[in-house]
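Next up, run12.cif (mmCIF, C-alpha atoms, pLDDT in the B column; chains and numbers go by the auth columns):
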data_start
loop_
_atom_site.group_PDB
_atom_site.id
_atom_site.type_symbol
_atom_site.label_atom_id
_atom_site.label_comp_id
_atom_site.label_asym_id
_atom_site.label_seq_id
_atom_site.Cartn_x
_atom_site.Cartn_y
_atom_site.Cartn_z
_atom_site.B_iso_or_equiv
_atom_site.auth_seq_id
_atom_site.auth_asym_id
ATOM 1 C CA MET A 1 120.550 110.080 177.652 71.00 1 O
ATOM 2 C CA GLN A 2 122.367 112.912 179.379 93.00 2 O
ATOM 3 C CA THR A 3 121.573 116.577 179.960 97.00 3 O
ATOM 4 C CA GLU A 4 124.298 119.106 180.686 97.00 4 O
ATOM 5 C CA SER A 5 123.885 122.733 181.735 98.00 5 O
ATOM 6 C CA PHE A 6 126.709 125.156 181.018 98.00 6 O
ATOM 7 C CA ASP A 7 127.601 128.655 179.859 98.00 7 O
ATOM 8 C CA PHE A 8 129.551 129.598 176.750 98.00 8 O
ATOM 9 C CA PRO A 9 130.966 132.891 175.468 98.00 9 O
ATOM 10 C CA GLY A 10 128.758 134.998 173.226 98.00 10 O
ATOM 11 C CA PRO A 11 129.301 138.339 171.490 97.00 11 O
ATOM 12 C CA ALA A 12 127.636 140.255 174.346 98.00 12 O
ATOM 13 C CA GLY A 13 128.954 138.098 177.188 98.00 13 O
ATOM 14 C CA ARG A 14 127.998 134.779 178.736 98.00 14 O
ATOM 15 C CA LEU A 15 125.207 132.717 177.139 98.00 15 O
ATOM 16 C CA GLU A 16 123.343 130.107 179.184 98.00 16 O
ATOM 17 C CA ALA A 17 122.762 126.710 177.556 98.00 17 O
ATOM 18 C CA VAL A 18 121.493 123.166 178.014 98.00 18 O
ATOM 19 C CA LEU A 19 122.809 120.268 175.931 98.00 19 O
ATOM 20 C CA MET A 20 120.702 117.130 175.538 98.00 20 O
ATOM 21 C CA ARG A 21 122.829 114.181 174.390 98.00 21 O
ATOM 22 C CA PRO A 22 121.312 111.067 172.814 97.00 22 O
ATOM 23 C CA GLU A 23 122.024 107.491 173.747 95.00 23 O
ATOM 24 C CA GLY A 24 125.105 106.346 171.892 95.00 24 O
ATOM 25 C CA ALA A 25 127.197 108.398 169.515 97.00 25 O
ATOM 26 C CA PRO A 26 125.266 111.329 168.017 98.00 26 O
ATOM 27 C CA VAL A 27 124.629 111.387 164.271 98.00 27 O
ATOM 28 C CA ALA A 28 124.291 115.187 164.129 98.00 28 O
ATOM 29 C CA ALA A 29 124.231 118.238 166.392 98.00 29 O
ATOM 30 C CA ALA A 30 121.425 120.786 166.499 98.00 30 O
ATOM 31 C CA VAL A 31 120.874 124.272 167.884 99.00 31 O
ATOM 32 C CA VAL A 32 117.292 125.112 168.917 98.00 32 O
ATOM 33 C CA CYS A 33 116.356 128.808 169.367 98.00 33 O
ATOM 34 C CA HIS A 34 113.574 130.093 171.622 98.00 34 O
ATOM 35 C CA ALA A 35 110.734 132.585 171.162 98.00 35 O
ATOM 36 C CA HIS A 36 110.860 136.365 171.537 97.00 36 O
ATOM 37 C CA PRO A 37 112.830 137.438 174.633 97.00 37 O
ATOM 38 C CA LEU A 38 110.522 140.385 175.328 97.00 38 O
ATOM 39 C CA GLN A 39 107.423 138.183 175.204 95.00 39 O
ATOM 40 C CA GLY A 40 108.468 135.516 177.688 96.00 40 O
ATOM 41 C CA GLY A 41 110.643 133.464 175.361 98.00 41 O
ATOM 42 C CA ILE A 42 113.150 131.235 177.138 98.00 42 O
ATOM 43 C CA MET A 43 114.993 128.003 176.298 98.00 43 O
ATOM 44 C CA HIS A 44 112.849 126.051 178.780 98.00 44 O
ATOM 45 C CA PHE A 45 109.630 126.847 176.886 97.00 45 O
ATOM 46 C CA LYS A 46 107.672 123.665 176.128 98.00 46 O
ATOM 47 C CA VAL A 47 107.854 123.900 172.327 98.00 47 O
ATOM 48 C CA VAL A 48 111.631 124.336 172.408 98.00 48 O
ATOM 49 C CA PHE A 49 112.094 121.480 174.878 98.00 49 O
ATOM 50 C CA ARG A 50 109.829 119.144 172.898 98.00 50 O
ATOM 51 C CA ALA A 51 111.696 119.889 169.672 98.00 51 O
ATOM 52 C CA ALA A 52 115.034 119.193 171.351 98.00 52 O
ATOM 53 C CA LYS A 53 113.624 115.990 172.857 98.00 53 O
ATOM 54 C CA ALA A 54 112.461 114.812 169.432 98.00 54 O
ATOM 55 C CA LEU A 55 115.905 115.395 167.977 98.00 55 O
ATOM 56 C CA GLN A 56 117.572 113.678 170.931 98.00 56 O
ATOM 57 C CA HIS A 57 115.418 110.572 170.419 98.00 57 O
ATOM 58 C CA GLU A 58 116.666 110.375 166.833 98.00 58 O
ATOM 59 C CA GLY A 59 120.332 110.474 167.775 98.00 59 O
ATOM 60 C CA VAL A 60 120.898 114.222 167.532 98.00 60 O
ATOM 61 C CA ALA A 61 122.678 116.182 170.264 98.00 61 O
ATOM 62 C CA ALA A 62 120.400 119.190 170.849 98.00 62 O
ATOM 63 C CA LEU A 63 121.710 122.458 172.265 98.00 63 O
ATOM 64 C CA ARG A 64 119.200 124.968 173.636 98.00 64 O
ATOM 65 C CA PHE A 65 120.381 128.395 174.781 98.00 65 O
ATOM 66 C CA ASN A 66 119.024 131.668 176.111 98.00 66 O
ATOM 67 C CA PHE A 67 119.394 134.715 173.912 98.00 67 O
ATOM 68 C CA ARG A 68 121.202 137.722 175.369 98.00 68 O
ATOM 69 C CA GLY A 69 119.378 139.237 178.336 98.00 69 O
ATOM 70 C CA VAL A 70 117.367 136.080 179.116 98.00 70 O
ATOM 71 C CA GLY A 71 118.010 133.986 182.235 98.00 71 O
ATOM 72 C CA ARG A 72 121.723 134.012 183.036 98.00 72 O
ATOM 73 C CA SER A 73 122.676 135.172 179.551 98.00 73 O
ATOM 74 C CA GLU A 74 124.390 138.533 179.596 98.00 74 O
ATOM 75 C CA GLY A 75 123.651 141.531 177.397 98.00 75 O
ATOM 76 C CA VAL A 76 120.392 143.210 176.387 98.00 76 O
ATOM 77 C CA HIS A 77 117.852 142.498 173.674 97.00 77 O
ATOM 78 C CA ASP A 78 119.021 143.789 170.288 98.00 78 O
ATOM 79 C CA HIS A 79 115.821 143.522 168.226 95.00 79 O
ATOM 80 C CA GLY A 80 116.979 140.550 166.179 96.00 80 O
ATOM 81 C CA ARG A 81 120.341 141.938 165.149 97.00 81 O
ATOM 82 C CA GLY A 82 122.712 140.796 167.887 98.00 82 O
ATOM 83 C CA GLU A 83 120.555 137.725 168.427 98.00 83 O
ATOM 84 C CA GLN A 84 121.742 136.423 165.062 98.00 84 O
ATOM 85 C CA ASP A 85 125.286 136.639 166.397 98.00 85 O
ATOM 86 C CA ASP A 86 124.134 134.693 169.461 98.00 86 O
ATOM 87 C CA VAL A 87 122.932 131.937 167.115 98.00 87 O
ATOM 88 C CA ARG A 88 126.298 131.880 165.365 98.00 88 O
ATOM 89 C CA SER A 89 128.049 131.542 168.722 98.00 89 O
ATOM 90 C CA ALA A 90 125.771 128.617 169.592 98.00 90 O
ATOM 91 C CA LEU A 91 126.685 126.979 166.289 98.00 91 O
ATOM 92 C CA ASP A 92 130.349 127.546 167.116 98.00 92 O
ATOM 93 C CA GLN A 93 129.793 125.755 170.407 98.00 93 O
ATOM 94 C CA ALA A 94 128.013 122.822 168.758 98.00 94 O
ATOM 95 C CA GLU A 95 130.774 122.530 166.179 98.00 95 O
ATOM 96 C CA ARG A 96 133.445 122.613 168.869 98.00 96 O
ATOM 97 C CA ARG A 97 131.774 119.912 170.940 98.00 97 O
ATOM 98 C CA PHE A 98 130.888 117.684 167.991 98.00 98 O
ATOM 99 C CA PRO A 99 133.575 118.202 165.354 98.00 99 O
ATOM 100 C CA GLY A 100 132.826 116.679 161.990 97.00 100 O
ATOM 101 C CA LEU A 101 129.118 116.119 162.618 98.00 101 O
ATOM 102 C CA PRO A 102 126.437 117.745 160.427 98.00 102 O
ATOM 103 C CA LEU A 103 124.838 120.797 162.052 98.00 103 O
ATOM 104 C CA VAL A 104 121.083 121.374 162.158 98.00 104 O
ATOM 105 C CA LEU A 105 119.514 124.713 163.093 98.00 105 O
ATOM 106 C CA GLY A 106 115.983 125.719 163.957 98.00 106 O
ATOM 107 C CA GLY A 107 113.706 127.335 166.466 98.00 107 O
ATOM 108 C CA PHE A 108 110.261 128.410 167.559 98.00 108 O
ATOM 109 C CA SER A 109 108.549 131.675 166.578 98.00 109 O
ATOM 110 C CA PHE A 110 111.134 134.503 166.835 97.00 110 O
ATOM 111 C CA GLY A 111 113.766 131.796 167.195 98.00 111 O
ATOM 112 C CA SER A 112 112.717 130.260 163.875 97.00 112 O
ATOM 113 C CA SER A 113 113.206 133.609 162.167 96.00 113 O
ATOM 114 C CA MET A 114 116.677 133.988 163.656 97.00 114 O
ATOM 115 C CA ALA A 115 117.553 130.415 162.702 97.00 115 O
ATOM 116 C CA LEU A 116 116.499 130.827 159.074 95.00 116 O
ATOM 117 C CA ARG A 117 118.332 134.129 158.669 95.00 117 O
ATOM 118 C CA VAL A 118 121.556 132.652 159.999 97.00 118 O
ATOM 119 C CA GLY A 119 121.236 129.101 158.713 97.00 119 O
ATOM 120 C CA VAL A 120 120.662 129.816 155.040 94.00 120 O
ATOM 121 C CA ALA A 121 124.004 131.590 154.745 94.00 121 O
ATOM 122 C CA ASP A 122 126.062 129.489 157.165 97.00 122 O
ATOM 123 C CA GLU A 123 127.735 126.712 155.199 95.00 123 O
ATOM 124 C CA ARG A 124 128.058 124.568 158.322 96.00 124 O
ATOM 125 C CA VAL A 125 124.277 124.182 158.610 98.00 125 O
ATOM 126 C CA ARG A 126 122.999 121.184 156.657 97.00 126 O
ATOM 127 C CA ALA A 127 119.265 121.330 157.500 97.00 127 O
ATOM 128 C CA LEU A 128 116.800 123.847 158.935 97.00 128 O
ATOM 129 C CA PHE A 129 113.505 123.721 160.820 98.00 129 O
ATOM 130 C CA ALA A 130 110.964 126.399 161.736 98.00 130 O
ATOM 131 C CA LEU A 131 108.210 125.867 164.305 98.00 131 O
ATOM 132 C CA GLY A 132 105.406 128.404 164.384 98.00 132 O
ATOM 133 C CA PHE A 133 107.145 130.716 161.931 97.00 133 O
ATOM 134 C CA PRO A 134 105.662 134.202 162.666 96.00 134 O
ATOM 135 C CA ALA A 135 105.257 135.220 159.036 93.00 135 O
ATOM 136 C CA SER A 136 102.902 138.126 159.776 88.00 136 O
ATOM 137 C CA MET A 137 105.257 139.562 162.422 83.00 137 O
ATOM 138 C CA VAL A 138 108.605 139.254 160.654 74.00 138 O
ATOM 139 C CA ALA A 139 109.869 142.601 159.422 56.00 139 O
ATOM 140 C CA ASP A 140 112.089 141.550 156.537 51.00 140 O
ATOM 141 C CA THR A 141 114.434 144.479 156.115 37.00 141 O
ATOM 142 C CA SER A 142 116.573 142.503 153.676 42.00 142 O
ATOM 143 C CA SER A 143 116.281 143.193 149.971 39.00 143 O
ATOM 144 C CA THR A 144 115.850 139.445 149.510 46.00 144 O
ATOM 145 C CA PRO A 145 112.616 137.902 150.897 55.00 145 O
ATOM 146 C CA ALA A 146 112.830 134.905 153.216 62.00 146 O
ATOM 147 C CA SER A 147 111.548 132.537 150.529 63.00 147 O
ATOM 148 C CA SER A 148 114.227 133.681 148.084 64.00 148 O
ATOM 149 C CA ARG A 149 116.943 133.239 150.692 66.00 149 O
ATOM 150 C CA LEU A 150 115.717 129.709 151.411 74.00 150 O
ATOM 151 C CA ALA A 151 115.659 128.898 147.712 66.00 151 O
ATOM 152 C CA SER A 152 119.177 130.172 147.200 65.00 152 O
ATOM 153 C CA GLY A 153 120.422 128.109 150.137 68.00 153 O
ATOM 154 C CA ARG A 154 118.871 124.880 148.821 82.00 154 O
ATOM 155 C CA LYS A 155 118.913 123.252 152.255 94.00 155 O
ATOM 156 C CA PRO A 156 116.382 120.696 153.510 95.00 156 O
ATOM 157 C CA CYS A 157 113.806 122.566 155.560 96.00 157 O
ATOM 158 C CA LEU A 158 110.922 121.600 157.855 97.00 158 O
ATOM 159 C CA PHE A 159 108.058 123.943 158.753 97.00 159 O
ATOM 160 C CA VAL A 160 105.572 122.934 161.466 98.00 160 O
ATOM 161 C CA GLN A 161 102.639 125.307 161.720 98.00 161 O
ATOM 162 C CA GLY A 162 99.423 125.316 163.721 98.00 162 O
ATOM 163 C CA GLU A 163 96.284 125.345 161.587 98.00 163 O
ATOM 164 C CA ARG A 164 95.030 128.317 163.622 98.00 164 O
ATOM 165 C CA ASP A 165 98.368 130.077 164.099 97.00 165 O
ATOM 166 C CA GLU A 166 97.452 133.732 164.461 96.00 166 O
ATOM 167 C CA LEU A 167 101.030 134.918 163.876 96.00 167 O
ATOM 168 C CA GLY A 168 101.766 132.698 160.897 95.00 168 O
ATOM 169 C CA PRO A 169 98.679 131.907 158.831 96.00 169 O
ATOM 170 C CA VAL A 170 99.080 128.597 157.046 96.00 170 O
ATOM 171 C CA GLU A 171 98.205 130.038 153.632 95.00 171 O
ATOM 172 C CA ARG A 172 100.946 132.600 153.983 93.00 172 O
ATOM 173 C CA ILE A 173 103.418 129.849 154.883 94.00 173 O
ATOM 174 C CA ARG A 174 102.311 127.847 151.843 94.00 174 O
ATOM 175 C CA GLU A 175 102.876 130.887 149.622 91.00 175 O
ATOM 176 C CA MET A 176 106.319 131.407 151.124 90.00 176 O
ATOM 177 C CA LEU A 177 107.290 127.794 150.470 91.00 177 O
ATOM 178 C CA GLU A 178 105.820 127.639 146.960 88.00 178 O
ATOM 179 C CA GLY A 179 108.553 127.162 144.439 76.00 179 O
ATOM 180 C CA LEU A 180 111.222 126.241 146.959 81.00 180 O
ATOM 181 C CA PRO A 181 113.437 123.334 145.923 79.00 181 O
ATOM 182 C CA GLU A 182 113.015 119.922 147.493 83.00 182 O
ATOM 183 C CA PRO A 183 113.420 118.556 150.032 88.00 183 O
ATOM 184 C CA ARG A 184 111.034 120.797 151.914 93.00 184 O
ATOM 185 C CA THR A 185 108.346 119.689 154.350 95.00 185 O
ATOM 186 C CA LEU A 186 105.302 121.484 155.757 97.00 186 O
ATOM 187 C CA VAL A 187 103.379 119.851 158.598 98.00 187 O
ATOM 188 C CA VAL A 188 100.130 121.576 159.573 98.00 188 O
ATOM 189 C CA VAL A 189 98.872 120.606 163.030 98.00 189 O
ATOM 190 C CA PRO A 190 95.042 120.569 162.986 98.00 190 O
ATOM 191 C CA GLU A 191 93.213 122.872 165.405 98.00 191 O
ATOM 192 C CA SER A 192 96.503 124.156 166.852 98.00 192 O
ATOM 193 C CA ASP A 193 97.320 127.752 167.748 98.00 193 O
ATOM 194 C CA HIS A 194 100.714 129.450 167.533 98.00 194 O
ATOM 195 C CA PHE A 195 101.932 127.860 170.771 98.00 195 O
ATOM 196 C CA PHE A 196 100.735 124.352 169.860 98.00 196 O
ATOM 197 C CA THR A 197 98.563 124.412 172.978 98.00 197 O
ATOM 198 C CA GLY A 198 97.209 120.916 173.569 98.00 198 O
ATOM 199 C CA HIS A 199 99.108 119.666 170.504 98.00 199 O
ATOM 200 C CA LEU A 200 102.682 119.345 171.726 98.00 200 O
ATOM 201 C CA ASP A 201 102.728 115.614 171.026 98.00 201 O
ATOM 202 C CA ALA A 202 101.873 116.276 167.373 98.00 202 O
ATOM 203 C CA LEU A 203 104.621 118.891 167.180 98.00 203 O
ATOM 204 C CA GLN A 204 107.151 116.501 168.696 98.00 204 O
ATOM 205 C CA ASP A 205 106.097 113.705 166.352 98.00 205 O
ATOM 206 C CA ALA A 206 106.544 115.996 163.333 98.00 206 O
ATOM 207 C CA VAL A 207 110.076 116.953 164.331 98.00 207 O
ATOM 208 C CA ARG A 208 110.974 113.387 165.228 98.00 208 O
ATOM 209 C CA GLY A 209 109.627 112.002 161.954 98.00 209 O
ATOM 210 C CA TRP A 210 111.624 114.565 159.979 98.00 210 O
ATOM 211 C CA ALA A 211 114.810 113.883 161.930 98.00 211 O
ATOM 212 C CA ALA A 212 114.365 110.136 161.490 98.00 212 O
ATOM 213 C CA ARG A 213 114.832 110.668 157.729 97.00 213 O
ATOM 214 C CA ARG A 214 118.190 112.374 158.412 98.00 214 O
ATOM 215 C CA PRO A 215 117.605 115.276 156.016 97.00 215 O
ATOM 216 C CA TRP A 216 121.087 116.631 156.754 97.00 216 O
ATOM 217 C CA GLU A 217 122.448 113.764 154.659 94.00 217 O
ATOM 218 C CA SER A 218 120.701 115.019 151.504 75.00 218 O
ATOM 219 C CA PRO A 219 123.129 115.923 148.703 68.00 219 O
#
With the file now loaded, output its structure as structure tokens.
Amino acid sequence: MQTESFDFPGPAGRLEAVLMRPEGAPVAAAVVCHAHPLQGGIMHFKVVFRAAKALQHEGVAALRFNFRGVGRSEGVHDHGRGEQDDVRSALDQAERRFPGLPLVLGGFSFGSSMALRVGVADERVRALFALGFPASMVADTSSTPASSRLASGRKPCLFVQGERDELGPVERIREMLEGLPEPRTLVVVPESDHFFTGHLDALQDAVRGWAARRPWESP
């Protein structure tokens, strides 16, 4: 397995990235988005790394990147607007490096919100995942709720949520997913908080188990 650090062009300037390649030829390429930039979110955060590692173990090339204004990435925080363009640029990069492979998109906390907003509409994205989706913190300014957007996209989707997630109560996640078309998966990690403190192995296992089923191949 190989890890490569590099920069790529984004809409507000340079974006810093790390690409984790699997052993052998990859079966898909993924973009993994980090938590809120103004609350310490960075691509090296443990949840983001563990998710990328899980994907890598299942043959997926996983690209992590820093949103604008984080680390070496240029620009300033844009309150979730420009960050969606950063995600699209990361998808462009994954597509350029792995032409013809299915694209997978997901993230942790704020990053999961950005991933879902972009991924539902982007035809290149074949599967989505959300880790610690901050349902109680997401200000949905769209006229179409997140659940309706996911339903309209009809893409395989994984949600991994801590049982005691203070930013995304499990019951609210269940309500959001109710009525969504299959295949959809919700994994609740017992006793876990929003950051999966002490439960990172369970988080990684959930992502790895989902990726092992290759949901991006669903019709």
Inset, instruction - Check which residues satisfy the PyMOL selection byres ((chain O and resi 205) around 12) in the file shown, then give them as a PyMOL selection string. - result: chain O and resi 47+50-55+57-58+160+187-189+199-204+206-212
Legend entry - Atom-to-atom span, CA of Pro9 (chain O) and CA of Arg97 (chain O), Å: 13.8 Å
Inset, instruction - Fewer than 6 positions away in the same chain doesn't count, so skip those; otherwise give me all residues within 12 Å of region 67-71 of chain O, counting only C-alpha atoms, as a PyMOL selection string. - result: chain O and resi 7-17+32-44+77-90+107+110-111+114
For the residues selected in the previous step, produce a file with C-alpha atoms as a PDB file, in the coordinates of the input.
ATOM      1  CA  ASP O   7     127.601 128.655 179.859  1.00 98.00           C
ATOM      2  CA  PHE O   8     129.551 129.598 176.750  1.00 98.00           C
ATOM      3  CA  PRO O   9     130.966 132.891 175.468  1.00 98.00           C
ATOM      4  CA  GLY O  10     128.758 134.998 173.226  1.00 98.00           C
ATOM      5  CA  PRO O  11     129.301 138.339 171.490  1.00 97.00           C
ATOM      6  CA  ALA O  12     127.636 140.255 174.346  1.00 98.00           C
ATOM      7  CA  GLY O  13     128.954 138.098 177.188  1.00 98.00           C
ATOM      8  CA  ARG O  14     127.998 134.779 178.736  1.00 98.00           C
ATOM      9  CA  LEU O  15     125.207 132.717 177.139  1.00 98.00           C
ATOM     10  CA  GLU O  16     123.343 130.107 179.184  1.00 98.00           C
ATOM     11  CA  ALA O  17     122.762 126.710 177.556  1.00 98.00           C
ATOM     12  CA  VAL O  32     117.292 125.112 168.917  1.00 98.00           C
ATOM     13  CA  CYS O  33     116.356 128.808 169.367  1.00 98.00           C
ATOM     14  CA  HIS O  34     113.574 130.093 171.622  1.00 98.00           C
ATOM     15  CA  ALA O  35     110.734 132.585 171.162  1.00 98.00           C
ATOM     16  CA  HIS O  36     110.860 136.365 171.537  1.00 97.00           C
ATOM     17  CA  PRO O  37     112.830 137.438 174.633  1.00 97.00           C
ATOM     18  CA  LEU O  38     110.522 140.385 175.328  1.00 97.00           C
ATOM     19  CA  GLN O  39     107.423 138.183 175.204  1.00 95.00           C
ATOM     20  CA  GLY O  40     108.468 135.516 177.688  1.00 96.00           C
ATOM     21  CA  GLY O  41     110.643 133.464 175.361  1.00 98.00           C
ATOM     22  CA  ILE O  42     113.150 131.235 177.138  1.00 98.00           C
ATOM     23  CA  MET O  43     114.993 128.003 176.298  1.00 98.00           C
ATOM     24  CA  HIS O  44     112.849 126.051 178.780  1.00 98.00           C
ATOM     25  CA  HIS O  77     117.852 142.498 173.674  1.00 97.00           C
ATOM     26  CA  ASP O  78     119.021 143.789 170.288  1.00 98.00           C
ATOM     27  CA  HIS O  79     115.821 143.522 168.226  1.00 95.00           C
ATOM     28  CA  GLY O  80     116.979 140.550 166.179  1.00 96.00           C
ATOM     29  CA  ARG O  81     120.341 141.938 165.149  1.00 97.00           C
ATOM     30  CA  GLY O  82     122.712 140.796 167.887  1.00 98.00           C
ATOM     31  CA  GLU O  83     120.555 137.725 168.427  1.00 98.00           C
ATOM     32  CA  GLN O  84     121.742 136.423 165.062  1.00 98.00           C
ATOM     33  CA  ASP O  85     125.286 136.639 166.397  1.00 98.00           C
ATOM     34  CA  ASP O  86     124.134 134.693 169.461  1.00 98.00           C
ATOM     35  CA  VAL O  87     122.932 131.937 167.115  1.00 98.00           C
ATOM     36  CA  ARG O  88     126.298 131.880 165.365  1.00 98.00           C
ATOM     37  CA  SER O  89     128.049 131.542 168.722  1.00 98.00           C
ATOM     38  CA  ALA O  90     125.771 128.617 169.592  1.00 98.00           C
ATOM     39  CA  GLY O 107     113.706 127.335 166.466  1.00 98.00           C
ATOM     40  CA  PHE O 110     111.134 134.503 166.835  1.00 97.00           C
ATOM     41  CA  GLY O 111     113.766 131.796 167.195  1.00 98.00           C
ATOM     42  CA  MET O 114     116.677 133.988 163.656  1.00 97.00           C
TER      43      MET O 114
END
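Separating CA of Glu4 (chain O) from CA of Arg21 (chain O) is a distance of 8.1 Å.
Across the structure, CA of Phe159 (chain O) and CA of Ala135 (chain O) are spaced 11.6 Å apart.
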Legend entry - Nearest-residue call for Pro181 (chain O), choices O:Met137, O:Leu150, O:Val18, O:Ala121, using all atoms listed in the file: O:Leu150
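Comparing the minimum interatomic distances between Pro183 (chain O) and each of O:Ser109, O:Ser5, O:Ser136, O:Ser218, counting all atoms listed in the file, we find that O:Ser218 sits nearest.
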Please return the centre and edge lengths, in Å to one decimal, of a box with edges along x, y and z that contains all listed atoms of region 43-55 of chain O, widened by 8 Å on every side, as JSON.
{"center_x": 111.8, "center_y": 121.4, "center_z": 173.4, "size_x": 24.2, "size_y": 29.2, "size_z": 26.8}
Inset, instruction - Starting from the displayed file, determine the output of the PyMOL selection byres ((chain O and resi 217) around 9) and express the residue list as an MDAnalysis selection string. - result: chainID O and resid 102 126:127 213:216 218:219
